[in-house]
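> File entry.txt below, compact mmCIF, N, CA and C atoms and all ligand atoms:
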```
# COMPACT_ATOMS: atom_id res chain seq x y z
N MET Q 13 -5.73 -18.12 -14.11
CA MET Q 13 -5.08 -16.88 -13.66
C MET Q 13 -5.57 -15.72 -14.52
N SER Q 14 -5.90 -14.60 -13.87
CA SER Q 14 -6.35 -13.43 -14.61
C SER Q 14 -5.20 -12.83 -15.39
N GLU Q 15 -5.57 -12.02 -16.38
CA GLU Q 15 -4.55 -11.40 -17.23
C GLU Q 15 -3.64 -10.49 -16.40
N ARG Q 16 -2.38 -10.52 -16.70
CA ARG Q 16 -1.43 -9.70 -15.95
C ARG Q 16 -0.50 -8.96 -16.88
N GLU Q 17 -0.08 -7.80 -16.43
CA GLU Q 17 0.90 -7.02 -17.19
C GLU Q 17 2.25 -7.15 -16.52
N ARG Q 18 3.29 -7.24 -17.34
CA ARG Q 18 4.63 -7.25 -16.77
C ARG Q 18 5.13 -5.81 -16.65
N VAL Q 19 5.68 -5.48 -15.50
CA VAL Q 19 6.22 -4.13 -15.29
C VAL Q 19 7.64 -4.26 -14.76
N SER Q 20 8.45 -3.29 -15.03
CA SER Q 20 9.78 -3.28 -14.41
C SER Q 20 9.85 -2.08 -13.48
N LEU Q 21 10.55 -2.26 -12.39
CA LEU Q 21 10.63 -1.22 -11.37
C LEU Q 21 12.09 -0.88 -11.11
N ALA Q 22 12.34 0.35 -10.78
CA ALA Q 22 13.69 0.76 -10.37
C ALA Q 22 13.71 0.87 -8.84
N ILE Q 23 14.50 0.02 -8.20
CA ILE Q 23 14.56 -0.02 -6.74
C ILE Q 23 16.02 -0.09 -6.31
N GLU Q 24 16.35 0.64 -5.26
CA GLU Q 24 17.71 0.57 -4.72
C GLU Q 24 18.01 -0.86 -4.27
N PRO Q 25 19.24 -1.37 -4.59
CA PRO Q 25 19.56 -2.77 -4.25
C PRO Q 25 19.38 -3.09 -2.77
N GLU Q 26 19.74 -2.17 -1.91
CA GLU Q 26 19.65 -2.43 -0.48
C GLU Q 26 18.19 -2.57 -0.04
N LEU Q 27 17.33 -1.69 -0.60
CA LEU Q 27 15.90 -1.75 -0.28
C LEU Q 27 15.30 -3.06 -0.79
N LEU Q 28 15.68 -3.46 -2.00
CA LEU Q 28 15.16 -4.70 -2.58
C LEU Q 28 15.63 -5.91 -1.79
N SER Q 29 16.87 -5.88 -1.35
CA SER Q 29 17.42 -6.98 -0.57
C SER Q 29 16.65 -7.16 0.75
N ARG Q 30 16.35 -6.06 1.39
CA ARG Q 30 15.58 -6.14 2.65
C ARG Q 30 14.17 -6.66 2.38
N PHE Q 31 13.58 -6.20 1.29
CA PHE Q 31 12.23 -6.65 0.92
C PHE Q 31 12.24 -8.16 0.63
N ASP Q 32 13.26 -8.62 -0.10
CA ASP Q 32 13.37 -10.05 -0.42
C ASP Q 32 13.51 -10.90 0.83
N GLN Q 33 14.22 -10.38 1.83
CA GLN Q 33 14.36 -11.13 3.09
C GLN Q 33 13.00 -11.32 3.76
N VAL Q 34 12.19 -10.24 3.74
CA VAL Q 34 10.84 -10.33 4.33
C VAL Q 34 10.00 -11.34 3.56
N ILE Q 35 10.09 -11.29 2.22
CA ILE Q 35 9.32 -12.21 1.38
C ILE Q 35 9.74 -13.65 1.64
N GLU Q 36 11.04 -13.86 1.77
CA GLU Q 36 11.56 -15.22 2.00
C GLU Q 36 11.03 -15.79 3.31
N ARG Q 37 10.99 -14.95 4.33
CA ARG Q 37 10.48 -15.40 5.63
C ARG Q 37 9.01 -15.79 5.56
N SER Q 38 8.24 -15.06 4.73
CA SER Q 38 6.80 -15.33 4.66
C SER Q 38 6.47 -16.39 3.61
N GLY Q 39 7.48 -16.83 2.86
CA GLY Q 39 7.27 -17.91 1.91
C GLY Q 39 6.55 -17.50 0.63
N GLY Q 40 6.48 -16.22 0.35
CA GLY Q 40 5.79 -15.75 -0.86
C GLY Q 40 6.78 -15.51 -1.98
N ASN Q 41 6.33 -14.77 -2.98
CA ASN Q 41 7.25 -14.37 -4.04
C ASN Q 41 7.11 -12.87 -4.28
N ARG Q 42 8.08 -12.34 -5.01
CA ARG Q 42 8.16 -10.89 -5.18
C ARG Q 42 6.91 -10.30 -5.83
N SER Q 43 6.42 -10.95 -6.89
CA SER Q 43 5.25 -10.41 -7.60
C SER Q 43 4.03 -10.35 -6.69
N GLU Q 44 3.80 -11.44 -5.94
CA GLU Q 44 2.64 -11.46 -5.05
C GLU Q 44 2.81 -10.41 -3.95
N ALA Q 45 4.02 -10.26 -3.45
CA ALA Q 45 4.26 -9.27 -2.40
C ALA Q 45 3.98 -7.85 -2.89
N VAL Q 46 4.38 -7.56 -4.12
CA VAL Q 46 4.12 -6.22 -4.67
C VAL Q 46 2.63 -6.03 -4.92
N ARG Q 47 1.97 -7.07 -5.41
CA ARG Q 47 0.51 -6.97 -5.61
C ARG Q 47 -0.19 -6.70 -4.28
N ASP Q 48 0.26 -7.37 -3.21
CA ASP Q 48 -0.33 -7.13 -1.88
C ASP Q 48 -0.15 -5.68 -1.45
N LEU Q 49 1.04 -5.13 -1.69
CA LEU Q 49 1.30 -3.73 -1.33
C LEU Q 49 0.34 -2.81 -2.08
N ILE Q 50 0.16 -3.09 -3.37
CA ILE Q 50 -0.73 -2.25 -4.19
C ILE Q 50 -2.17 -2.36 -3.69
N ARG Q 51 -2.61 -3.58 -3.41
CA ARG Q 51 -3.99 -3.76 -2.91
C ARG Q 51 -4.19 -3.02 -1.59
N ASN Q 52 -3.22 -3.14 -0.70
CA ASN Q 52 -3.34 -2.46 0.60
C ASN Q 52 -3.42 -0.96 0.43
N ARG Q 53 -2.63 -0.45 -0.47
CA ARG Q 53 -2.64 1.00 -0.72
C ARG Q 53 -4.00 1.44 -1.28
N LEU Q 54 -4.54 0.64 -2.19
CA LEU Q 54 -5.84 0.97 -2.79
C LEU Q 54 -6.95 0.93 -1.74
N ILE Q 55 -6.89 -0.04 -0.84
CA ILE Q 55 -7.90 -0.13 0.23
C ILE Q 55 -7.81 1.11 1.12
N GLU Q 56 -6.60 1.51 1.46
CA GLU Q 56 -6.43 2.72 2.28
C GLU Q 56 -7.02 3.93 1.60
N GLU Q 57 -6.72 4.08 0.31
CA GLU Q 57 -7.22 5.24 -0.43
C GLU Q 57 -8.74 5.23 -0.50
N GLU Q 58 -9.28 4.05 -0.78
CA GLU Q 58 -10.73 3.93 -0.89
C GLU Q 58 -11.39 4.25 0.44
N TRP Q 59 -10.76 3.78 1.52
CA TRP Q 59 -11.31 4.00 2.86
C TRP Q 59 -11.39 5.48 3.16
N VAL Q 60 -10.32 6.19 2.87
CA VAL Q 60 -10.28 7.62 3.18
C VAL Q 60 -11.26 8.40 2.31
N SER Q 61 -11.39 7.99 1.04
CA SER Q 61 -12.20 8.79 0.12
C SER Q 61 -13.68 8.41 0.12
N SER Q 62 -14.03 7.27 0.74
CA SER Q 62 -15.43 6.84 0.71
C SER Q 62 -16.21 7.53 1.82
N ALA Q 63 -16.66 8.74 1.54
CA ALA Q 63 -17.33 9.54 2.57
C ALA Q 63 -18.72 8.99 2.90
N SER Q 64 -19.33 8.29 1.96
CA SER Q 64 -20.64 7.73 2.25
C SER Q 64 -20.51 6.23 2.48
N GLY Q 65 -21.47 5.69 3.23
CA GLY Q 65 -21.43 4.27 3.50
C GLY Q 65 -20.53 3.93 4.66
N ASP Q 66 -20.75 2.76 5.22
CA ASP Q 66 -19.98 2.34 6.38
C ASP Q 66 -18.65 1.72 5.97
N THR Q 67 -17.67 1.94 6.80
CA THR Q 67 -16.39 1.28 6.66
C THR Q 67 -16.08 0.63 8.00
N VAL Q 68 -15.08 -0.22 8.00
CA VAL Q 68 -14.71 -0.90 9.24
C VAL Q 68 -13.23 -0.66 9.52
N ALA Q 69 -12.89 -0.76 10.80
CA ALA Q 69 -11.50 -0.57 11.21
C ALA Q 69 -11.28 -1.30 12.52
N THR Q 70 -10.04 -1.68 12.78
CA THR Q 70 -9.69 -2.16 14.11
C THR Q 70 -8.59 -1.27 14.66
N VAL Q 71 -8.66 -1.02 15.95
CA VAL Q 71 -7.62 -0.26 16.63
C VAL Q 71 -6.97 -1.20 17.64
N THR Q 72 -5.67 -1.36 17.54
CA THR Q 72 -4.92 -2.21 18.46
C THR Q 72 -4.11 -1.33 19.39
N LEU Q 73 -4.27 -1.57 20.69
CA LEU Q 73 -3.58 -0.75 21.68
C LEU Q 73 -2.81 -1.66 22.64
N VAL Q 74 -1.61 -1.27 23.00
CA VAL Q 74 -0.86 -1.93 24.06
C VAL Q 74 -0.61 -0.88 25.12
N TYR Q 75 -1.00 -1.20 26.37
CA TYR Q 75 -0.84 -0.19 27.42
C TYR Q 75 -0.55 -0.84 28.77
N ASP Q 76 -0.14 0.00 29.68
CA ASP Q 76 0.28 -0.43 31.01
C ASP Q 76 -0.96 -0.65 31.89
N HIS Q 77 -1.10 -1.85 32.39
CA HIS Q 77 -2.23 -2.20 33.25
C HIS Q 77 -2.27 -1.32 34.51
N GLY Q 78 -1.08 -0.87 34.95
CA GLY Q 78 -0.99 -0.07 36.17
C GLY Q 78 -1.63 1.30 36.04
N LYS Q 79 -1.82 1.77 34.83
CA LYS Q 79 -2.43 3.09 34.62
C LYS Q 79 -3.95 2.93 34.61
N ARG Q 80 -4.53 2.85 35.81
CA ARG Q 80 -5.96 2.57 35.94
C ARG Q 80 -6.83 3.65 35.30
N ASP Q 81 -6.38 4.89 35.38
CA ASP Q 81 -7.21 5.95 34.80
C ASP Q 81 -7.29 5.81 33.27
N LEU Q 82 -6.23 5.21 32.67
CA LEU Q 82 -6.25 4.99 31.22
C LEU Q 82 -7.35 3.98 30.85
N ALA Q 83 -7.44 2.89 31.61
CA ALA Q 83 -8.49 1.90 31.35
C ALA Q 83 -9.87 2.55 31.44
N ASP Q 84 -10.04 3.42 32.43
CA ASP Q 84 -11.32 4.13 32.58
C ASP Q 84 -11.59 5.04 31.38
N ARG Q 85 -10.54 5.73 30.95
CA ARG Q 85 -10.71 6.65 29.81
C ARG Q 85 -11.02 5.89 28.52
N LEU Q 86 -10.40 4.71 28.36
CA LEU Q 86 -10.70 3.88 27.19
C LEU Q 86 -12.16 3.44 27.21
N LEU Q 87 -12.65 3.08 28.40
CA LEU Q 87 -14.07 2.69 28.52
C LEU Q 87 -14.98 3.87 28.18
N ASP Q 88 -14.59 5.06 28.65
CA ASP Q 88 -15.40 6.26 28.35
C ASP Q 88 -15.53 6.48 26.85
N VAL Q 89 -14.41 6.33 26.13
CA VAL Q 89 -14.45 6.52 24.68
C VAL Q 89 -15.39 5.48 24.05
N GLY Q 90 -15.33 4.24 24.54
CA GLY Q 90 -16.21 3.20 24.04
C GLY Q 90 -17.67 3.54 24.23
N HIS Q 91 -18.00 4.06 25.42
CA HIS Q 91 -19.40 4.43 25.68
C HIS Q 91 -19.81 5.67 24.88
N ASP Q 92 -18.89 6.63 24.76
CA ASP Q 92 -19.19 7.84 23.98
C ASP Q 92 -19.49 7.51 22.52
N HIS Q 93 -18.87 6.43 22.02
CA HIS Q 93 -19.03 6.07 20.61
C HIS Q 93 -19.64 4.67 20.47
N HIS Q 94 -20.59 4.35 21.35
CA HIS Q 94 -21.17 3.01 21.37
C HIS Q 94 -21.79 2.61 20.03
N ASP Q 95 -22.22 3.62 19.24
CA ASP Q 95 -22.81 3.31 17.94
C ASP Q 95 -21.78 2.79 16.95
N ALA Q 96 -20.51 3.12 17.17
CA ALA Q 96 -19.45 2.72 16.23
C ALA Q 96 -18.66 1.51 16.72
N VAL Q 97 -18.69 1.24 18.02
CA VAL Q 97 -17.88 0.14 18.55
C VAL Q 97 -18.64 -1.17 18.43
N LEU Q 98 -18.10 -2.09 17.62
CA LEU Q 98 -18.73 -3.39 17.43
C LEU Q 98 -18.36 -4.36 18.53
N ALA Q 99 -17.09 -4.37 18.90
CA ALA Q 99 -16.61 -5.31 19.90
C ALA Q 99 -15.23 -4.87 20.40
N THR Q 100 -14.92 -5.28 21.61
CA THR Q 100 -13.60 -5.01 22.18
C THR Q 100 -13.03 -6.31 22.73
N LEU Q 101 -11.79 -6.58 22.37
CA LEU Q 101 -11.08 -7.76 22.89
C LEU Q 101 -9.99 -7.27 23.83
N HIS Q 102 -9.99 -7.79 25.04
CA HIS Q 102 -8.96 -7.41 26.00
C HIS Q 102 -8.16 -8.65 26.39
N VAL Q 103 -6.84 -8.55 26.26
CA VAL Q 103 -5.96 -9.66 26.64
C VAL Q 103 -4.96 -9.15 27.67
N HIS Q 104 -4.81 -9.88 28.79
CA HIS Q 104 -3.80 -9.53 29.79
C HIS Q 104 -2.50 -10.22 29.35
N LEU Q 105 -1.60 -9.47 28.74
CA LEU Q 105 -0.39 -10.07 28.16
C LEU Q 105 0.55 -10.60 29.24
N ASP Q 106 0.70 -9.83 30.31
CA ASP Q 106 1.47 -10.28 31.46
C ASP Q 106 0.99 -9.47 32.66
N HIS Q 107 1.76 -9.46 33.75
CA HIS Q 107 1.31 -8.77 34.96
C HIS Q 107 1.11 -7.27 34.73
N GLU Q 108 1.89 -6.68 33.82
CA GLU Q 108 1.85 -5.23 33.65
C GLU Q 108 1.18 -4.75 32.37
N THR Q 109 1.07 -5.63 31.38
CA THR Q 109 0.72 -5.14 30.05
C THR Q 109 -0.61 -5.68 29.54
N CYS Q 110 -1.40 -4.78 28.97
CA CYS Q 110 -2.69 -5.16 28.38
C CYS Q 110 -2.64 -4.93 26.87
N LEU Q 111 -3.34 -5.80 26.15
CA LEU Q 111 -3.55 -5.64 24.71
C LEU Q 111 -5.05 -5.48 24.51
N GLU Q 112 -5.42 -4.45 23.74
CA GLU Q 112 -6.84 -4.26 23.46
C GLU Q 112 -7.03 -4.06 21.95
N VAL Q 113 -8.01 -4.76 21.41
CA VAL Q 113 -8.35 -4.62 19.99
C VAL Q 113 -9.81 -4.19 19.91
N ILE Q 114 -10.05 -3.06 19.29
CA ILE Q 114 -11.40 -2.50 19.22
C ILE Q 114 -11.85 -2.51 17.77
N ALA Q 115 -12.96 -3.17 17.50
CA ALA Q 115 -13.51 -3.23 16.14
C ALA Q 115 -14.55 -2.13 15.99
N LEU Q 116 -14.43 -1.36 14.92
CA LEU Q 116 -15.30 -0.20 14.69
C LEU Q 116 -15.99 -0.29 13.34
N ARG Q 117 -17.18 0.28 13.28
CA ARG Q 117 -17.87 0.42 11.99
C ARG Q 117 -18.54 1.77 11.95
N GLY Q 118 -18.37 2.49 10.84
CA GLY Q 118 -18.99 3.81 10.73
C GLY Q 118 -18.38 4.60 9.59
N LYS Q 119 -18.62 5.89 9.61
CA LYS Q 119 -18.08 6.77 8.59
C LYS Q 119 -16.57 6.91 8.80
N PRO Q 120 -15.81 7.00 7.70
CA PRO Q 120 -14.35 7.06 7.83
C PRO Q 120 -13.86 8.17 8.75
N GLU Q 121 -14.49 9.38 8.65
CA GLU Q 121 -14.03 10.49 9.49
C GLU Q 121 -14.26 10.18 10.96
N GLN Q 122 -15.41 9.56 11.26
CA GLN Q 122 -15.72 9.23 12.66
C GLN Q 122 -14.72 8.20 13.19
N LEU Q 123 -14.46 7.15 12.38
CA LEU Q 123 -13.56 6.10 12.84
C LEU Q 123 -12.14 6.63 13.00
N ARG Q 124 -11.75 7.51 12.10
CA ARG Q 124 -10.41 8.11 12.21
C ARG Q 124 -10.29 8.92 13.50
N ALA Q 125 -11.34 9.67 13.82
CA ALA Q 125 -11.32 10.50 15.03
C ALA Q 125 -11.26 9.63 16.29
N ILE Q 126 -12.05 8.55 16.30
CA ILE Q 126 -12.04 7.64 17.46
C ILE Q 126 -10.65 7.01 17.60
N ALA Q 127 -10.12 6.51 16.49
CA ALA Q 127 -8.81 5.86 16.52
C ALA Q 127 -7.73 6.82 17.01
N ASP Q 128 -7.77 8.05 16.51
CA ASP Q 128 -6.76 9.03 16.91
C ASP Q 128 -6.87 9.34 18.40
N SER Q 129 -8.10 9.44 18.92
CA SER Q 129 -8.24 9.77 20.33
C SER Q 129 -7.78 8.60 21.20
N LEU Q 130 -8.04 7.36 20.76
CA LEU Q 130 -7.59 6.18 21.53
C LEU Q 130 -6.06 6.08 21.52
N MET Q 131 -5.48 6.19 20.33
CA MET Q 131 -4.03 5.98 20.21
C MET Q 131 -3.24 7.14 20.82
N GLY Q 132 -3.89 8.30 20.89
CA GLY Q 132 -3.20 9.46 21.43
C GLY Q 132 -3.26 9.58 22.94
N MET Q 133 -3.93 8.63 23.60
CA MET Q 133 -4.07 8.73 25.05
C MET Q 133 -2.74 8.52 25.75
N LYS Q 134 -2.54 9.33 26.77
CA LYS Q 134 -1.31 9.22 27.56
C LYS Q 134 -1.27 7.85 28.23
N GLY Q 135 -0.17 7.14 28.09
CA GLY Q 135 -0.04 5.82 28.69
C GLY Q 135 -0.15 4.69 27.68
N VAL Q 136 -0.64 5.00 26.47
CA VAL Q 136 -0.68 3.98 25.42
C VAL Q 136 0.74 3.81 24.87
N LYS Q 137 1.27 2.59 24.99
CA LYS Q 137 2.66 2.35 24.55
C LYS Q 137 2.74 2.22 23.04
N HIS Q 138 1.74 1.57 22.47
CA HIS Q 138 1.75 1.34 21.03
C HIS Q 138 0.30 1.32 20.54
N GLY Q 139 0.08 1.98 19.42
CA GLY Q 139 -1.26 1.98 18.85
C GLY Q 139 -1.19 1.87 17.34
N LYS Q 140 -2.12 1.12 16.77
CA LYS Q 140 -2.13 0.98 15.31
C LYS Q 140 -3.57 0.80 14.86
N VAL Q 141 -3.92 1.47 13.79
CA VAL Q 141 -5.26 1.33 13.23
C VAL Q 141 -5.13 0.60 11.90
N VAL Q 142 -6.03 -0.36 11.68
CA VAL Q 142 -6.11 -1.06 10.40
C VAL Q 142 -7.48 -0.78 9.82
N THR Q 143 -7.50 -0.20 8.65
CA THR Q 143 -8.76 0.12 8.00
C THR Q 143 -9.05 -0.94 6.95
N SER Q 144 -10.31 -1.18 6.72
CA SER Q 144 -10.65 -2.18 5.73
C SER Q 144 -11.92 -1.79 4.99
N SER Q 145 -12.26 -2.61 4.03
CA SER Q 145 -13.40 -2.31 3.18
C SER Q 145 -14.05 -3.62 2.78
N THR Q 146 -15.33 -3.58 2.52
CA THR Q 146 -16.00 -4.79 2.06
C THR Q 146 -16.04 -4.84 0.53
N ALA Q 147 -15.48 -3.81 -0.11
CA ALA Q 147 -15.44 -3.79 -1.58
C ALA Q 147 -14.47 -4.87 -2.09
N PRO Q 148 -14.67 -5.38 -3.31
CA PRO Q 148 -13.78 -6.43 -3.84
C PRO Q 148 -12.36 -5.92 -4.05
NI NI B 201 -5.40 -6.39 31.11
```
Take the structure I supplied and represent it as structure tokens, if you would.


Amino acid sequence: MSERERVSLAIEPELLSRFDQVIERSGGNRSEAVRDLIRNRLIEEEWVSSASGDTVATVTLVYDHGKRDLADRLLDVGHDHHDAVLATLHVHLDHETCLEVIALRGKPEQLRAIADSLMGMKGVKHGKVVTSSTAP
């Protein structure tokens, strides 16, 4: 195990209790959960600040299959940014609902702009971007 520092934190009891419930469900422990939060935050910061070099991101979208023009517009964005789109996964969740996951690689500003335009489309029920880095 690498060297570790012990730290104490001041947290509201109610907030800590809710956090502990999440940790219990996932079978982890408090220290590892806090380390994960810190790592995730550092990756986000690095992603935003790394203006040079490629970064990767996935955009997850849930939308109504009945909105045919939305599917067309999503395809248009893919073609407009074909240099950044690595792959697209489409899942028909049920008769009405589609799930789409788009993997992107490129400059952070470009990926952020693509993600924002996808998630901001009218008819998208839920959108989330996950940014990542190949740095250790
Ligand atoms: Ni579908």

> Within 8 Å of ligand NI 201 (chain B), counting only C-alpha atoms and all ligand atoms: which residues, as a list of chain:residue names?

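I would give the residues around ligand NI 201 (chain B) as Q:His77, Q:His102, Q:Val103, Q:His104, Q:Leu105, Q:Asp106, Q:Glu108, Q:Thr109, Q:Cys110, Q:Leu111.
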
> Under the rule that only C-alpha atoms are counted, which of Q:Ala45, Q:Leu87, Q:Ala96, Q:Val113 is the nearest residue to Q:Asp32?

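Of all the options, Q:Ala45 lies closest to Q:Asp32.
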
> When distances are computed from all atoms listed in the file, which of Q:Glu44, Q:Asp84, Q:Asp128, Q:Asp95 shows the smallest separation from Q:Leu116?

Q:Asp95

> Using DSSP on the backbone coordinates, identify the residues of chain Q assigned to helix (DSSP H, G or I); present them as a VMD selection string.

chain Q and resid 25 to 38 42 to 61 80 to 92 120 to 131

> Please, what distance in Å, to one decimal, runs between atom CA of Q:Asp92 and atom CA of Q:Thr143?

20.6 Å

> Go through chain Q and collect every residue that DSSP, computed from the backbone, puts in strand (DSSP E or B); the answer should be as a count of residues only.

37

> Find the spatial neighbours of Q:Val136, counting only C-alpha atoms, within a cut-off of 12 Å - ignore same-chain residues fewer than 3 positions away - and output them as JSON, numbers by chain.

{"Q": [71, 72, 73, 74, 75, 76, 77, 78, 79, 80, 81, 82, 83, 85, 86, 109, 110, 111, 112, 128, 129, 130, 131, 132, 133, 139, 140]}

> May I have the selected residues written with N, CA and C atoms, as a short mmCIF file (atom, residue, chain, number, x, y, z; two decimals), in the frame of the given file?


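Output contents, as saved in out00.cif:
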```cif
data_model
loop_
_atom_site.label_atom_id
_atom_site.label_comp_id
_atom_site.auth_asym_id
_atom_site.auth_seq_id
_atom_site.Cartn_x
_atom_site.Cartn_y
_atom_site.Cartn_z
N VAL Q 71 -8.66 -1.02 15.95
CA VAL Q 71 -7.62 -0.26 16.63
C VAL Q 71 -6.97 -1.20 17.64
N THR Q 72 -5.67 -1.36 17.54
CA THR Q 72 -4.92 -2.21 18.46
C THR Q 72 -4.11 -1.33 19.39
N LEU Q 73 -4.27 -1.57 20.69
CA LEU Q 73 -3.58 -0.75 21.68
C LEU Q 73 -2.81 -1.66 22.64
N VAL Q 74 -1.61 -1.27 23.00
CA VAL Q 74 -0.86 -1.93 24.06
C VAL Q 74 -0.61 -0.88 25.12
N TYR Q 75 -1.00 -1.20 26.37
CA TYR Q 75 -0.84 -0.19 27.42
C TYR Q 75 -0.55 -0.84 28.77
N ASP Q 76 -0.14 0.00 29.68
CA ASP Q 76 0.28 -0.43 31.01
C ASP Q 76 -0.96 -0.65 31.89
N HIS Q 77 -1.10 -1.85 32.39
CA HIS Q 77 -2.23 -2.20 33.25
C HIS Q 77 -2.27 -1.32 34.51
N GLY Q 78 -1.08 -0.87 34.95
CA GLY Q 78 -0.99 -0.07 36.17
C GLY Q 78 -1.63 1.30 36.04
N LYS Q 79 -1.82 1.77 34.83
CA LYS Q 79 -2.43 3.09 34.62
C LYS Q 79 -3.95 2.93 34.61
N ARG Q 80 -4.53 2.85 35.81
CA ARG Q 80 -5.96 2.57 35.94
C ARG Q 80 -6.83 3.65 35.30
N ASP Q 81 -6.38 4.89 35.38
CA ASP Q 81 -7.21 5.95 34.80
C ASP Q 81 -7.29 5.81 33.27
N LEU Q 82 -6.23 5.21 32.67
CA LEU Q 82 -6.25 4.99 31.22
C LEU Q 82 -7.35 3.98 30.85
N ALA Q 83 -7.44 2.89 31.61
CA ALA Q 83 -8.49 1.90 31.35
C ALA Q 83 -9.87 2.55 31.44
N ARG Q 85 -10.54 5.73 30.95
CA ARG Q 85 -10.71 6.65 29.81
C ARG Q 85 -11.02 5.89 28.52
N LEU Q 86 -10.40 4.71 28.36
CA LEU Q 86 -10.70 3.88 27.19
C LEU Q 86 -12.16 3.44 27.21
N THR Q 109 1.07 -5.63 31.38
CA THR Q 109 0.72 -5.14 30.05
C THR Q 109 -0.61 -5.68 29.54
N CYS Q 110 -1.40 -4.78 28.97
CA CYS Q 110 -2.69 -5.16 28.38
C CYS Q 110 -2.64 -4.93 26.87
N LEU Q 111 -3.34 -5.80 26.15
CA LEU Q 111 -3.55 -5.64 24.71
C LEU Q 111 -5.05 -5.48 24.51
N GLU Q 112 -5.42 -4.45 23.74
CA GLU Q 112 -6.84 -4.26 23.46
C GLU Q 112 -7.03 -4.06 21.95
N ASP Q 128 -7.77 8.05 16.51
CA ASP Q 128 -6.76 9.03 16.91
C ASP Q 128 -6.87 9.34 18.40
N SER Q 129 -8.10 9.44 18.92
CA SER Q 129 -8.24 9.77 20.33
C SER Q 129 -7.78 8.60 21.20
N LEU Q 130 -8.04 7.36 20.76
CA LEU Q 130 -7.59 6.18 21.53
C LEU Q 130 -6.06 6.08 21.52
N MET Q 131 -5.48 6.19 20.33
CA MET Q 131 -4.03 5.98 20.21
C MET Q 131 -3.24 7.14 20.82
N GLY Q 132 -3.89 8.30 20.89
CA GLY Q 132 -3.20 9.46 21.43
C GLY Q 132 -3.26 9.58 22.94
N MET Q 133 -3.93 8.63 23.60
CA MET Q 133 -4.07 8.73 25.05
C MET Q 133 -2.74 8.52 25.75
N GLY Q 139 0.08 1.98 19.42
CA GLY Q 139 -1.26 1.98 18.85
C GLY Q 139 -1.19 1.87 17.34
N LYS Q 140 -2.12 1.12 16.77
CA LYS Q 140 -2.13 0.98 15.31
C LYS Q 140 -3.57 0.80 14.86
#
```

> What's around Q:Arg117 at 8 Å? Count only C-alpha atoms, leave out sequence neighbours fewer than 2 positions away in its own chain, and write the answer as a ChimeraX atom specification.

/Q:66-69,96-98,115,119,123

> By how many Å are atom N of Q:Gly39 and atom N of Q:Glu58 apart?

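Taking atom N of Q:Gly39 as the start and atom N of Q:Glu58 as the end point, the length is 27.0 Å.
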
> If you measure from atom C of Q:Leu54 to atom N of Q:Ser144, what distance in Å do you get, rounded to one decimal?

9.3 Å
